[in-house]
file work20.txt (compact mmCIF, C-alpha atoms)
# COMPACT_ATOMS: atom_id res chain seq x y z
CA MET A 965 19.30 105.02 55.86
CA ILE A 966 22.90 103.76 56.28
CA SER A 967 22.60 103.36 60.06
CA MET A 968 19.26 101.59 59.58
CA LEU A 969 20.85 99.19 57.10
CA ILE A 970 23.70 98.47 59.53
CA MET A 971 21.27 97.93 62.42
CA ILE A 972 19.04 95.56 60.46
CA GLY A 973 22.18 93.75 59.33
CA PHE A 974 23.25 93.34 62.98
CA LEU A 975 19.89 92.01 64.17
CA VAL A 976 19.41 89.71 61.20
CA GLY A 977 23.04 88.59 61.60
CA ILE A 978 22.25 87.32 65.10
CA LEU A 979 19.31 85.36 63.72
CA SER A 980 21.43 84.12 60.80
CA GLY A 981 24.20 82.83 62.98
CA PHE A 982 21.70 81.25 65.37
CA PHE A 983 19.17 79.73 63.00
CA GLY A 984 21.51 79.19 60.07
CA PHE A 985 19.46 81.05 57.52
CA GLY A 986 20.74 84.01 55.55
CA GLY A 987 17.99 86.28 56.81
CA GLY A 988 16.91 87.17 53.30
CA PHE A 989 13.28 86.44 54.05
CA ILE A 990 13.51 89.17 56.69
CA ILE A 991 15.78 91.55 54.79
CA THR A 992 13.88 91.41 51.49
CA PRO A 993 10.53 92.54 52.94
CA PHE A 994 12.31 95.05 55.18
CA ILE A 995 14.20 96.89 52.47
CA PHE A 996 11.15 96.54 50.23
CA ALA A 997 9.25 98.43 52.94
CA LEU A 998 12.06 101.03 52.95
CA GLY A 999 11.29 101.79 49.31
CA PHE A 1000 13.51 99.49 47.27
CA PRO A 1001 11.78 97.95 44.22
CA MET A 1002 11.10 94.27 44.91
CA ASN A 1003 13.55 93.00 42.27
CA VAL A 1004 16.34 95.14 43.78
CA ALA A 1005 15.29 94.07 47.30
CA VAL A 1006 15.59 90.44 46.18
CA GLY A 1007 19.01 90.89 44.55
CA THR A 1008 20.50 93.07 47.30
CA SER A 1009 19.32 90.66 49.95
CA ILE A 1010 21.06 87.79 48.16
CA ALA A 1011 24.27 89.82 47.97
CA GLN A 1012 24.16 90.47 51.71
CA ILE A 1013 23.47 86.79 52.36
CA LEU A 1014 26.60 85.89 50.43
CA GLY A 1015 28.76 87.89 52.81
CA THR A 1016 26.95 86.75 55.95
CA ALA A 1017 27.01 83.12 54.87
CA ALA A 1018 30.80 83.30 54.41
CA ILE A 1019 31.23 84.66 57.93
CA ALA A 1020 28.80 82.31 59.66
CA THR A 1021 29.98 79.22 57.75
CA MET A 1022 33.52 79.70 58.96
CA ARG A 1023 32.27 80.02 62.51
CA HIS A 1024 30.04 76.94 62.35
CA LYS A 1025 32.82 74.94 60.70
CA SER A 1026 35.01 75.65 63.71
CA LEU A 1027 32.14 74.43 65.93
CA ARG A 1028 31.97 71.22 63.81
CA HIS A 1029 28.44 71.91 62.59
CA VAL A 1030 29.11 71.57 58.86
CA ASP A 1031 28.64 68.42 56.74
CA VAL A 1032 30.59 69.46 53.66
CA LYS A 1033 29.56 66.43 51.58
CA LEU A 1034 25.84 67.05 52.15
CA GLY A 1035 26.23 70.76 51.48
CA LEU A 1036 28.03 70.24 48.16
CA LEU A 1037 25.42 67.75 46.96
CA MET A 1038 22.57 70.13 47.72
CA VAL A 1039 24.33 72.89 45.81
CA ILE A 1040 24.22 70.83 42.60
CA GLY A 1041 20.42 71.00 42.61
CA ALA A 1042 20.40 74.56 43.94
CA PHE A 1043 22.23 76.02 40.93
CA ALA A 1044 19.50 74.94 38.56
CA GLY A 1045 16.83 76.16 40.94
CA VAL A 1046 18.41 79.59 41.44
CA GLU A 1047 18.62 80.30 37.73
CA ILE A 1048 15.04 79.27 37.13
CA GLY A 1049 13.91 81.42 40.05
CA ALA A 1050 15.80 84.46 38.76
CA GLN A 1051 14.38 83.94 35.26
CA ILE A 1052 10.85 83.82 36.66
CA ILE A 1053 11.50 87.17 38.35
CA GLU A 1054 12.63 88.61 35.02
CA ARG A 1055 9.51 87.35 33.23
CA LEU A 1056 7.28 88.84 35.91
CA LYS A 1057 9.27 92.10 35.85
CA ALA A 1058 8.60 92.31 32.11
CA ILE A 1059 4.84 92.27 32.81
CA SER A 1060 5.03 94.98 35.48
CA PRO A 1061 6.88 95.74 38.74
CA GLU A 1062 3.60 95.32 40.63
CA THR A 1063 3.30 91.75 39.36
CA VAL A 1064 6.69 90.90 40.87
CA ASP A 1065 5.66 92.46 44.20
CA VAL A 1066 2.42 90.49 44.42
CA ALA A 1067 3.81 87.16 43.21
CA VAL A 1068 6.86 87.16 45.49
CA SER A 1069 4.81 88.35 48.48
CA LEU A 1070 2.22 85.59 48.02
CA VAL A 1071 4.90 82.91 47.82
CA TYR A 1072 6.50 84.28 50.99
CA ILE A 1073 3.23 84.27 52.89
CA ILE A 1074 2.20 80.74 51.97
CA LEU A 1075 5.62 79.14 52.33
CA LEU A 1076 6.57 80.85 55.57
CA GLY A 1077 3.14 80.20 57.06
CA LEU A 1078 3.28 76.47 56.35
CA ILE A 1079 6.83 76.11 57.65
CA SER A 1080 6.03 78.07 60.79
CA ALA A 1081 2.98 75.99 61.61
CA PHE A 1082 4.74 72.68 61.05
CA MET A 1083 7.93 73.50 62.93
CA SER A 1084 6.21 75.15 65.88
CA MET A 1085 3.85 72.20 66.38
CA GLU A 1086 6.67 69.70 66.02
CA ALA A 1087 8.92 71.55 68.46
CA LEU A 1088 6.14 71.82 71.04
CA SER A 1089 5.47 68.09 70.70
CA SER A 1090 9.16 67.35 71.19
CA ARG A 1091 9.28 69.53 74.29
CA ARG A 1092 6.38 67.58 75.76
CA GLY A 1093 8.19 64.37 74.94
CA GLU A 1094 5.57 63.26 72.43
CA SER A 1095 6.43 61.59 69.13
CA SER A 1096 7.12 64.27 66.57
CA GLY A 1097 7.39 64.88 62.81
CA ARG A 1098 11.03 63.87 63.11
CA GLY A 1099 9.99 60.28 62.31
CA LEU A 1100 9.24 61.45 58.78
CA TYR A 1101 12.89 61.16 57.77
CA GLU A 1102 12.88 57.43 58.56
CA ARG A 1103 10.16 56.91 55.98
CA VAL A 1104 11.95 59.12 53.48
CA GLN A 1105 15.22 57.26 53.94
CA ARG A 1106 13.47 54.04 52.92
CA ILE A 1107 13.11 55.46 49.39
CA ARG A 1108 16.15 53.84 47.85
CA VAL A 1109 16.41 55.26 44.35
CA PRO A 1110 20.05 54.61 43.42
CA PRO A 1111 22.63 55.89 43.84
CA VAL A 1112 22.34 55.64 47.63
CA ILE A 1113 24.93 57.37 49.79
CA SER A 1114 25.77 57.72 53.48
CA LEU A 1115 26.29 60.96 55.41
CA PRO A 1116 28.19 60.03 58.57
CA GLU A 1117 28.72 63.62 59.70
CA SER A 1118 24.96 64.17 59.75
CA GLY A 1119 24.26 60.76 61.27
CA VAL A 1120 22.51 59.44 58.15
CA ALA A 1121 23.29 55.79 57.34
CA SER A 1122 21.87 55.74 53.81
CA ILE A 1123 19.78 58.03 51.63
CA SER A 1124 19.03 58.46 47.94
CA LEU A 1125 21.28 61.01 46.21
CA TRP A 1126 18.30 62.18 44.12
CA LEU A 1127 16.43 63.22 47.23
CA ILE A 1128 19.27 65.46 48.30
CA ILE A 1129 19.62 67.03 44.85
CA SER A 1130 15.84 67.59 44.66
CA LEU A 1131 15.87 69.34 48.03
CA GLY A 1132 18.74 71.49 46.80
CA PHE A 1133 16.73 72.39 43.70
CA ALA A 1134 13.72 73.40 45.80
CA THR A 1135 15.78 75.67 48.01
CA GLY A 1136 17.65 77.13 45.04
CA LEU A 1137 14.36 77.94 43.35
CA THR A 1138 13.22 79.68 46.54
CA ALA A 1139 16.48 81.60 46.74
CA GLY A 1140 16.32 82.79 43.16
CA PHE A 1141 12.66 83.74 43.32
CA VAL A 1142 12.10 85.34 46.72
CA GLY A 1143 15.59 86.63 47.38
CA ALA A 1144 16.15 84.52 50.43
CA GLY A 1145 18.97 82.04 50.85
CA GLY A 1146 16.43 79.28 51.11
CA GLY A 1147 17.51 78.55 54.67
CA PHE A 1148 14.03 78.93 56.10
CA LEU A 1149 13.09 76.07 53.78
CA GLN A 1150 16.33 74.08 53.69
CA ILE A 1151 16.82 73.82 57.45
CA PRO A 1152 13.40 72.22 58.09
CA LEU A 1153 14.00 69.94 55.09
CA LEU A 1154 17.39 68.86 56.44
CA ILE A 1155 15.94 68.21 59.89
CA TYR A 1156 12.67 66.50 58.96
CA LEU A 1157 13.42 64.82 55.62
CA ILE A 1158 17.14 64.02 55.83
CA GLY A 1159 17.28 63.51 59.59
CA CYS A 1160 20.16 65.88 60.43
CA ARG A 1161 20.77 67.11 63.94
CA THR A 1162 19.50 70.66 64.21
CA THR A 1163 22.93 72.25 64.71
CA VAL A 1164 24.38 70.32 61.74
CA ALA A 1165 21.38 71.40 59.64
CA VAL A 1166 22.14 75.01 60.60
CA GLY A 1167 25.85 74.82 59.73
CA THR A 1168 25.43 72.74 56.58
CA ASN A 1169 22.72 75.04 55.29
CA LEU A 1170 25.05 78.00 55.67
CA PHE A 1171 27.76 76.21 53.73
CA SER A 1172 25.53 75.26 50.78
CA MET A 1173 23.95 78.69 50.90
CA LEU A 1174 27.40 80.27 50.57
CA ILE A 1175 27.95 78.59 47.23
CA ALA A 1176 24.37 78.97 45.97
CA SER A 1177 24.16 82.63 46.99
CA ALA A 1178 27.44 83.42 45.19
CA TYR A 1179 25.86 82.19 42.00
CA ALA A 1180 22.54 83.87 42.78
CA CYS A 1181 24.28 87.18 43.54
CA PHE A 1182 26.09 87.05 40.20
CA SER A 1183 22.90 86.14 38.37
CA HIS A 1184 20.88 88.94 39.93
CA ALA A 1185 23.69 91.50 39.56
CA LEU A 1186 23.83 90.64 35.87
CA LYS A 1187 20.16 91.67 35.67
CA GLY A 1188 20.79 94.92 37.54
CA ASN A 1189 19.02 93.77 40.71
CA VAL A 1190 21.89 94.22 43.20
CA ASP A 1191 22.72 97.39 45.14
CA VAL A 1192 26.18 96.37 46.35
CA PHE A 1193 26.55 99.43 48.59
CA SER A 1194 23.42 98.66 50.63
CA ALA A 1195 24.50 95.03 50.86
CA ALA A 1196 27.95 96.06 52.11
CA TYR A 1197 26.42 98.35 54.76
CA MET A 1198 24.20 95.55 56.03
CA LEU A 1199 27.22 93.24 56.15
CA ILE A 1200 28.94 95.53 58.64
CA GLY A 1201 26.16 94.83 61.13
CA SER A 1202 25.64 91.18 60.28
CA SER A 1203 29.35 90.40 60.65
CA VAL A 1204 29.07 91.13 64.37
CA GLY A 1205 25.60 89.67 64.80
CA ALA A 1206 26.44 86.36 63.11
CA GLN A 1207 29.20 85.67 65.63
CA ILE A 1208 26.86 86.22 68.56
CA GLY A 1209 24.17 84.03 67.01
CA ALA A 1210 26.55 81.17 66.14
CA LEU A 1211 27.95 81.04 69.68
CA ALA A 1212 24.46 81.07 71.16
CA THR A 1213 23.59 77.75 69.47
CA ARG A 1214 25.76 76.02 72.05
CA TYR A 1215 23.52 77.17 74.88
CA VAL A 1216 20.03 76.39 73.57
CA ARG A 1217 18.22 73.04 73.39
CA GLU A 1218 17.47 71.75 69.91
CA GLU A 1219 13.69 71.73 70.52
CA ASP A 1220 13.81 75.37 71.62
CA LEU A 1221 15.86 76.30 68.57
CA ARG A 1222 13.22 74.77 66.28
CA LEU A 1223 10.40 76.49 68.19
CA TYR A 1224 12.06 79.91 67.93
CA PHE A 1225 12.61 79.27 64.23
CA GLY A 1226 8.94 78.45 63.72
CA VAL A 1227 7.80 81.55 65.59
CA CYS A 1228 10.24 83.80 63.70
CA VAL A 1229 9.14 82.52 60.33
CA GLY A 1230 5.44 82.83 61.24
CA LEU A 1231 5.74 86.46 62.32
CA ILE A 1232 7.59 87.38 59.14
CA SER A 1233 4.86 85.69 57.10
CA ILE A 1234 2.24 87.89 58.77
CA SER A 1235 4.30 91.03 58.21
CA VAL A 1236 4.64 90.26 54.49
CA ALA A 1237 0.86 89.80 54.34
CA PHE A 1238 0.37 93.28 55.79
CA GLU A 1239 2.86 94.76 53.34
CA LEU A 1240 1.04 93.17 50.44
CA LEU A 1241 -2.28 94.49 51.77
CA SER A 1242 -0.72 97.93 51.98
CA LYS A 1243 0.37 97.77 48.32
CA LEU A 1244 -2.99 96.47 47.10
CA THR A 1245 -5.30 98.70 49.15
CA ARG A 1246 -2.92 101.72 49.33
CA VAL A 1247 -3.67 101.94 53.05
CA ILE A 1248 -0.42 103.20 54.56
CA LEU A 1249 -1.27 101.91 58.04
CA PHE A 1250 -0.81 98.31 56.87
CA GLY A 1251 2.66 99.21 55.67
CA TYR A 1252 3.57 100.59 59.09
CA ILE A 1253 2.20 97.48 60.76
CA SER A 1254 4.31 95.33 58.45
CA LEU A 1255 7.47 97.27 59.15
CA GLY A 1256 6.69 97.27 62.86
CA MET A 1257 6.28 93.51 62.87
CA ILE A 1258 9.59 92.94 61.11
CA ILE A 1259 11.36 95.23 63.55
CA PHE A 1260 9.59 93.63 66.53
CA THR A 1261 10.42 90.11 65.36
CA THR A 1262 14.08 90.78 64.70
CA LEU A 1263 14.54 92.87 67.85
CA SER A 1264 12.75 90.52 70.22
CA LEU A 1265 14.18 87.27 68.89
CA SER A 1266 17.73 88.55 68.63
CA SER A 1267 17.47 90.01 72.16
CA LEU A 1268 16.07 86.73 73.47
CA ILE A 1269 18.91 84.80 71.87
CA MET A 1270 21.55 87.16 73.27
CA ILE A 1271 20.07 87.09 76.77
CA ARG A 1272 19.77 83.31 76.86
CA ALA A 1273 23.29 82.90 75.54
CA LEU A 1274 24.68 85.32 78.12
CA ARG A 1275 22.81 83.64 80.98
CA GLN A 1276 23.85 80.15 79.98
CA GLY A 1277 27.40 81.31 79.44
CA GLU A 1278 27.47 82.83 82.91
CA ARG A 1279 26.07 79.66 84.50
CA ARG A 1280 28.71 77.55 82.84
CA THR A 1281 31.60 79.76 83.90
CA LYS A 1282 30.31 79.58 87.50
CA MET B 820 48.09 83.25 70.25
CA ALA B 821 49.68 86.63 69.51
CA LEU B 822 50.19 85.54 65.91
CA ARG B 823 46.46 84.77 65.58
CA ARG B 824 45.60 88.23 66.83
CA ILE B 825 47.99 89.82 64.37
CA VAL B 826 46.54 87.78 61.51
CA SER B 827 43.04 88.72 62.65
CA ALA B 828 43.95 92.41 62.72
CA ILE B 829 45.47 92.23 59.22
CA SER B 830 42.37 90.48 57.92
CA LEU B 831 40.07 93.13 59.40
CA PHE B 832 42.33 95.89 58.08
CA LEU B 833 42.07 94.43 54.57
CA ALA B 834 38.28 94.39 54.92
CA VAL B 835 38.33 98.06 55.92
CA ILE B 836 40.49 98.83 52.87
CA ILE B 837 37.95 97.14 50.63
CA TYR B 838 35.13 99.18 52.18
CA TYR B 839 37.13 102.34 51.63
CA LEU B 840 37.79 101.41 48.00
CA ILE B 841 34.18 100.65 47.13
CA LEU B 842 33.04 103.94 48.65
CA HIS B 843 35.88 105.83 46.95
CA TYR B 844 34.95 104.35 43.56
CA LYS B 845 31.21 104.52 44.14
CA SER B 846 30.45 106.59 41.05
CA TYR B 847 32.47 104.26 38.83
CA ILE B 848 30.75 101.18 40.24
CA GLU B 849 27.36 102.80 39.65
CA TYR B 850 28.45 103.58 36.09
CA LEU B 851 29.38 99.91 35.61
CA ARG B 852 25.95 98.89 36.88
CA GLU B 853 24.38 100.84 34.03
CA MET B 854 26.89 100.18 31.25
CA ASN B 855 28.63 96.83 31.86
CA ALA B 856 26.42 94.31 33.61
CA LEU B 857 28.92 91.45 33.43
CA LEU B 858 31.75 93.37 35.06
CA TYR B 859 29.38 94.79 37.68
CA ALA B 860 28.09 91.30 38.47
CA LEU B 861 31.61 89.91 38.83
CA LEU B 862 32.71 92.85 40.95
CA SER B 863 29.66 92.69 43.26
CA THR B 864 30.07 88.99 43.83
CA VAL B 865 33.80 89.23 44.46
CA ILE B 866 33.35 92.19 46.83
CA MET B 867 30.71 90.50 48.99
CA LEU B 868 32.50 87.14 49.05
CA THR B 869 35.88 88.68 49.86
CA LEU B 870 34.45 90.86 52.63
CA GLY B 871 32.67 87.87 54.14
CA LEU B 872 35.73 85.63 54.03
CA LEU B 873 38.08 88.29 55.44
CA ILE B 874 35.73 89.16 58.30
CA GLY B 875 34.93 85.50 58.98
CA PHE B 876 38.61 84.60 59.02
CA ALA B 877 39.38 87.49 61.37
CA TRP B 878 36.63 86.46 63.79
CA ASN B 879 37.78 82.85 63.76
CA CYS B 880 41.39 83.77 64.50
CA LEU B 881 40.26 86.07 67.28
CA SER B 882 38.02 83.39 68.82
CA LYS B 883 40.77 80.77 68.70
CA SER B 884 43.27 83.17 70.25
CA LYS B 885 40.85 83.51 73.16
CA GLY B 886 40.59 79.72 73.38
CA ASP B 887 36.92 79.79 72.46
CA GLY B 888 34.91 76.98 70.88
CA GLY B 889 37.23 75.99 68.13
call {"tool": "encode", "arguments": {"input": "work20.txt", "output": "structure tokens"}}
result
Amino acid sequence: MISMLIMIGFLVGILSGFFGFGGGFIITPFIFALGFPMNVAVGTSIAQILGTAAIATMRHKSLRHVDVKLGLLMVIGAFAGVEIGAQIIERLKAISPETVDVAVSLVYIILLGLISAFMSMEALSSRRGESSGRGLYERVQRIRVPPVISLPESGVASISLWLIISLGFATGLTAGFVGAGGGFLQIPLLIYLIGCRTTVAVGTNLFSMLIASAYACFSHALKGNVDVFSAAYMLIGSSVGAQIGALATRYVREEDLRLYFGVCVGLISISVAFELLSKLTRVILFGYISLGMIIFTTLSLSSLIMIRALRQGERRTK
Amino acid sequence: MALRRIVSAISLFLAVIIYYLILHYKSYIEYLREMNALLYALLSTVIMLTLGLLIGFAWNCLSKSKGDGG
């Protein structure tokens, strides 16, 4: 079990450092499939994200991918969202553990599926040079509910402060409820609604996630949902993986990064659907398919990222 | 450059110490989880944050000492 936790931490760490999410939406279903109750899977995942986010944020800061102002503003909304999300988990836990499993799984499936579809289509359009969903942020930025601020590090001339806080709230709610750092939601929101460059969205998300996940970890630990030992084991692996992933962002085009993100999120959505089917129908095969898909997704994507980074790195040194 | 490597090594060493301590006091931490939720919550958060910052700091120092991407 310990070596498995370290290995999943390593693979998810690569994805975390590369995509800028905490990996909770992969870790939560994975350790849930290993036998952890869903509420403990949620809390432990958040604890691991806290550690990984600290590591990856420092790395991305040194690569100048972090807009501190934007990150801090999103955290203001995230705090409220996290607490509400954690409270919802507690209310559902009071009904029955099965209710938590079903509710969280359904939210995962729908949210991840929608994000995957949107990002993959947008990235493919960008690759073909067609106009993409990235124009959405121009319309959003025209909503001028005061106070209006500028975000020069992200390349945003002016945007309503309330929009940023609302986005922070949405990602905090996701973090508190599904045990993910919210990165799989926040990164697309930063790219498509705020208009951040992809690499700045990745780094800034990690920074705001660091603060939000510290609060979420405390909140969940208070409710007995955190297994700090499992989180610490996973951190051993993710500490190495996050470095590899963060460096790899320098060698991949932004459109490709968004495409890989969309594919990753979509595959995890399908695996969560199989896990939920397994719980509802008590057909063990679905559970194995779910676990297999998570392993396949993390292994294949992290390998792809490492190989591309190594190849590009070699080309540049030649 | 040598100083950065030394600082990186110290940072990693401190992280290893923390891992040793949490495993050494595992039974006490599990007791806290059952009996004192507030202290357990504070301890868990501090442990994960400290480990992350120490390891992240060590990696950064090591990368800069190699003249990489800083």
call {"tool": "residues_around", "arguments": {"input": "work20.txt", "residues": "segment 863-870 of chain B", "least_positions_apart": "5", "cutoff": "9 Å", "atoms": "all atoms listed in the file", "output": "list in words"}}
result
Ala1011, Gln1012, Ile1013, Leu1014, Gly1015, Thr1016, Ala1017, Ala1018, Ile1019, Leu1174, Ala1178, Tyr1179, Cys1181, Phe1182, Ala1185, Val1190, Asp1191, Val1192, Ala1195, Ala1196 and Leu1199 of chain A; Leu833, Ala834, Val835, Ile837, Tyr838, Ile841, Leu858 and Gly875 of chain B
call {"tool": "atom_distance", "arguments": {"input": "work20.txt", "atom1": "atom CA of Cys1228 of chain A", "atom2": "atom CA of Val1216 of chain A"}}
result
15.8 Å
call {"tool": "residues_near_point", "arguments": {"input": "work20.txt", "point": "(37.7, 89.9, 63.4)", "cutoff": "9 Å", "atoms": "all atoms listed in the file", "output": "ChimeraX atom specification"}}
result
/A:1203-1204 /B:824,827-828,830-831,873-882
call {"tool": "atom_distance", "arguments": {"input": "work20.txt", "atom1": "atom CA of Ile1234 of chain A", "atom2": "atom CA of Gly1159 of chain A"}}
result
28.7 Å
call {"tool": "atom_distance", "arguments": {"input": "work20.txt", "atom1": "atom CA of Val1039 of chain A", "atom2": "atom CA of Ala1081 of chain A"}}
result
26.7 Å
call {"tool": "axis_aligned_box", "arguments": {"input": "work20.txt", "around": "segment 1185-1189 of chain A", "padding_each_side": "6 Å", "output": "JSON"}}
result
{"center_x": 21.4, "center_y": 92.8, "center_z": 38.2, "size_x": 16.8, "size_y": 16.3, "size_z": 17.0}
call {"tool": "build_atoms", "arguments": {"input": "work20.txt", "residues": "segment 1140-1160 of chain A", "atoms": "N, CA and C atoms", "output": "JSON list (two decimals), keeping the file's coordinate frame"}}
result
[["chain", "number", "residue", "atom", "x", "y", "z"],
["A", 1140, "GLY", "N", 16.34, 81.97, 44.36],
["A", 1140, "GLY", "CA", 16.32, 82.79, 43.16],
["A", 1140, "GLY", "C", 15.06, 83.60, 43.01],
["A", 1141, "PHE", "N", 13.95, 83.07, 43.53],
["A", 1141, "PHE", "CA", 12.66, 83.74, 43.32],
["A", 1141, "PHE", "C", 12.34, 84.77, 44.40],
["A", 1142, "VAL", "N", 12.53, 84.43, 45.67],
["A", 1142, "VAL", "CA", 12.10, 85.34, 46.72],
["A", 1142, "VAL", "C", 13.26, 86.12, 47.34],
["A", 1143, "GLY", "N", 14.47, 85.86, 46.87],
["A", 1143, "GLY", "CA", 15.59, 86.63, 47.38],
["A", 1143, "GLY", "C", 16.06, 86.21, 48.74],
["A", 1144, "ALA", "N", 15.67, 85.06, 49.16],
["A", 1144, "ALA", "CA", 16.15, 84.52, 50.43],
["A", 1144, "ALA", "C", 17.14, 83.42, 50.10],
["A", 1145, "GLY", "N", 17.99, 83.08, 51.09],
["A", 1145, "GLY", "CA", 18.97, 82.04, 50.85],
["A", 1145, "GLY", "C", 18.36, 80.66, 50.81],
["A", 1146, "GLY", "N", 17.07, 80.58, 51.10],
["A", 1146, "GLY", "CA", 16.43, 79.28, 51.11],
["A", 1146, "GLY", "C", 16.56, 78.57, 52.44],
["A", 1147, "GLY", "N", 17.27, 79.19, 53.38],
["A", 1147, "GLY", "CA", 17.51, 78.55, 54.67],
["A", 1147, "GLY", "C", 16.26, 78.26, 55.45],
["A", 1148, "PHE", "N", 15.27, 79.16, 55.35],
["A", 1148, "PHE", "CA", 14.03, 78.93, 56.10],
["A", 1148, "PHE", "C", 13.30, 77.71, 55.57],
["A", 1149, "LEU", "N", 13.66, 77.28, 54.34],
["A", 1149, "LEU", "CA", 13.09, 76.07, 53.78],
["A", 1149, "LEU", "C", 14.06, 74.90, 53.95],
["A", 1150, "GLN", "N", 15.35, 75.16, 53.69],
["A", 1150, "GLN", "CA", 16.33, 74.08, 53.69],
["A", 1150, "GLN", "C", 16.55, 73.49, 55.07],
["A", 1151, "ILE", "N", 16.57, 74.33, 56.09],
["A", 1151, "ILE", "CA", 16.82, 73.82, 57.45],
["A", 1151, "ILE", "C", 15.73, 72.85, 57.88],
["A", 1152, "PRO", "N", 14.44, 73.22, 57.75],
["A", 1152, "PRO", "CA", 13.40, 72.22, 58.09],
["A", 1152, "PRO", "C", 13.51, 70.97, 57.23],
["A", 1153, "LEU", "N", 13.87, 71.12, 55.94],
["A", 1153, "LEU", "CA", 14.00, 69.94, 55.09],
["A", 1153, "LEU", "C", 15.14, 69.04, 55.57],
["A", 1154, "LEU", "N", 16.25, 69.64, 55.95],
["A", 1154, "LEU", "CA", 17.39, 68.86, 56.44],
["A", 1154, "LEU", "C", 17.04, 68.12, 57.74],
["A", 1155, "ILE", "N", 16.29, 68.80, 58.59],
["A", 1155, "ILE", "CA", 15.94, 68.21, 59.89],
["A", 1155, "ILE", "C", 14.90, 67.10, 59.73],
["A", 1156, "TYR", "N", 13.83, 67.41, 58.99],
["A", 1156, "TYR", "CA", 12.67, 66.50, 58.96],
["A", 1156, "TYR", "C", 12.72, 65.47, 57.84],
["A", 1157, "LEU", "N", 13.39, 65.77, 56.73],
["A", 1157, "LEU", "CA", 13.42, 64.82, 55.62],
["A", 1157, "LEU", "C", 14.74, 64.05, 55.53],
["A", 1158, "ILE", "N", 15.83, 64.71, 55.88],
["A", 1158, "ILE", "CA", 17.14, 64.02, 55.83],
["A", 1158, "ILE", "C", 17.45, 63.38, 57.18],
["A", 1159, "GLY", "N", 17.04, 64.05, 58.26],
["A", 1159, "GLY", "CA", 17.28, 63.51, 59.59],
["A", 1159, "GLY", "C", 18.53, 64.06, 60.28],
["A", 1160, "CYS", "N", 18.98, 65.24, 59.82],
["A", 1160, "CYS", "CA", 20.16, 65.88, 60.43],
["A", 1160, "CYS", "C", 19.85, 66.35, 61.85]]
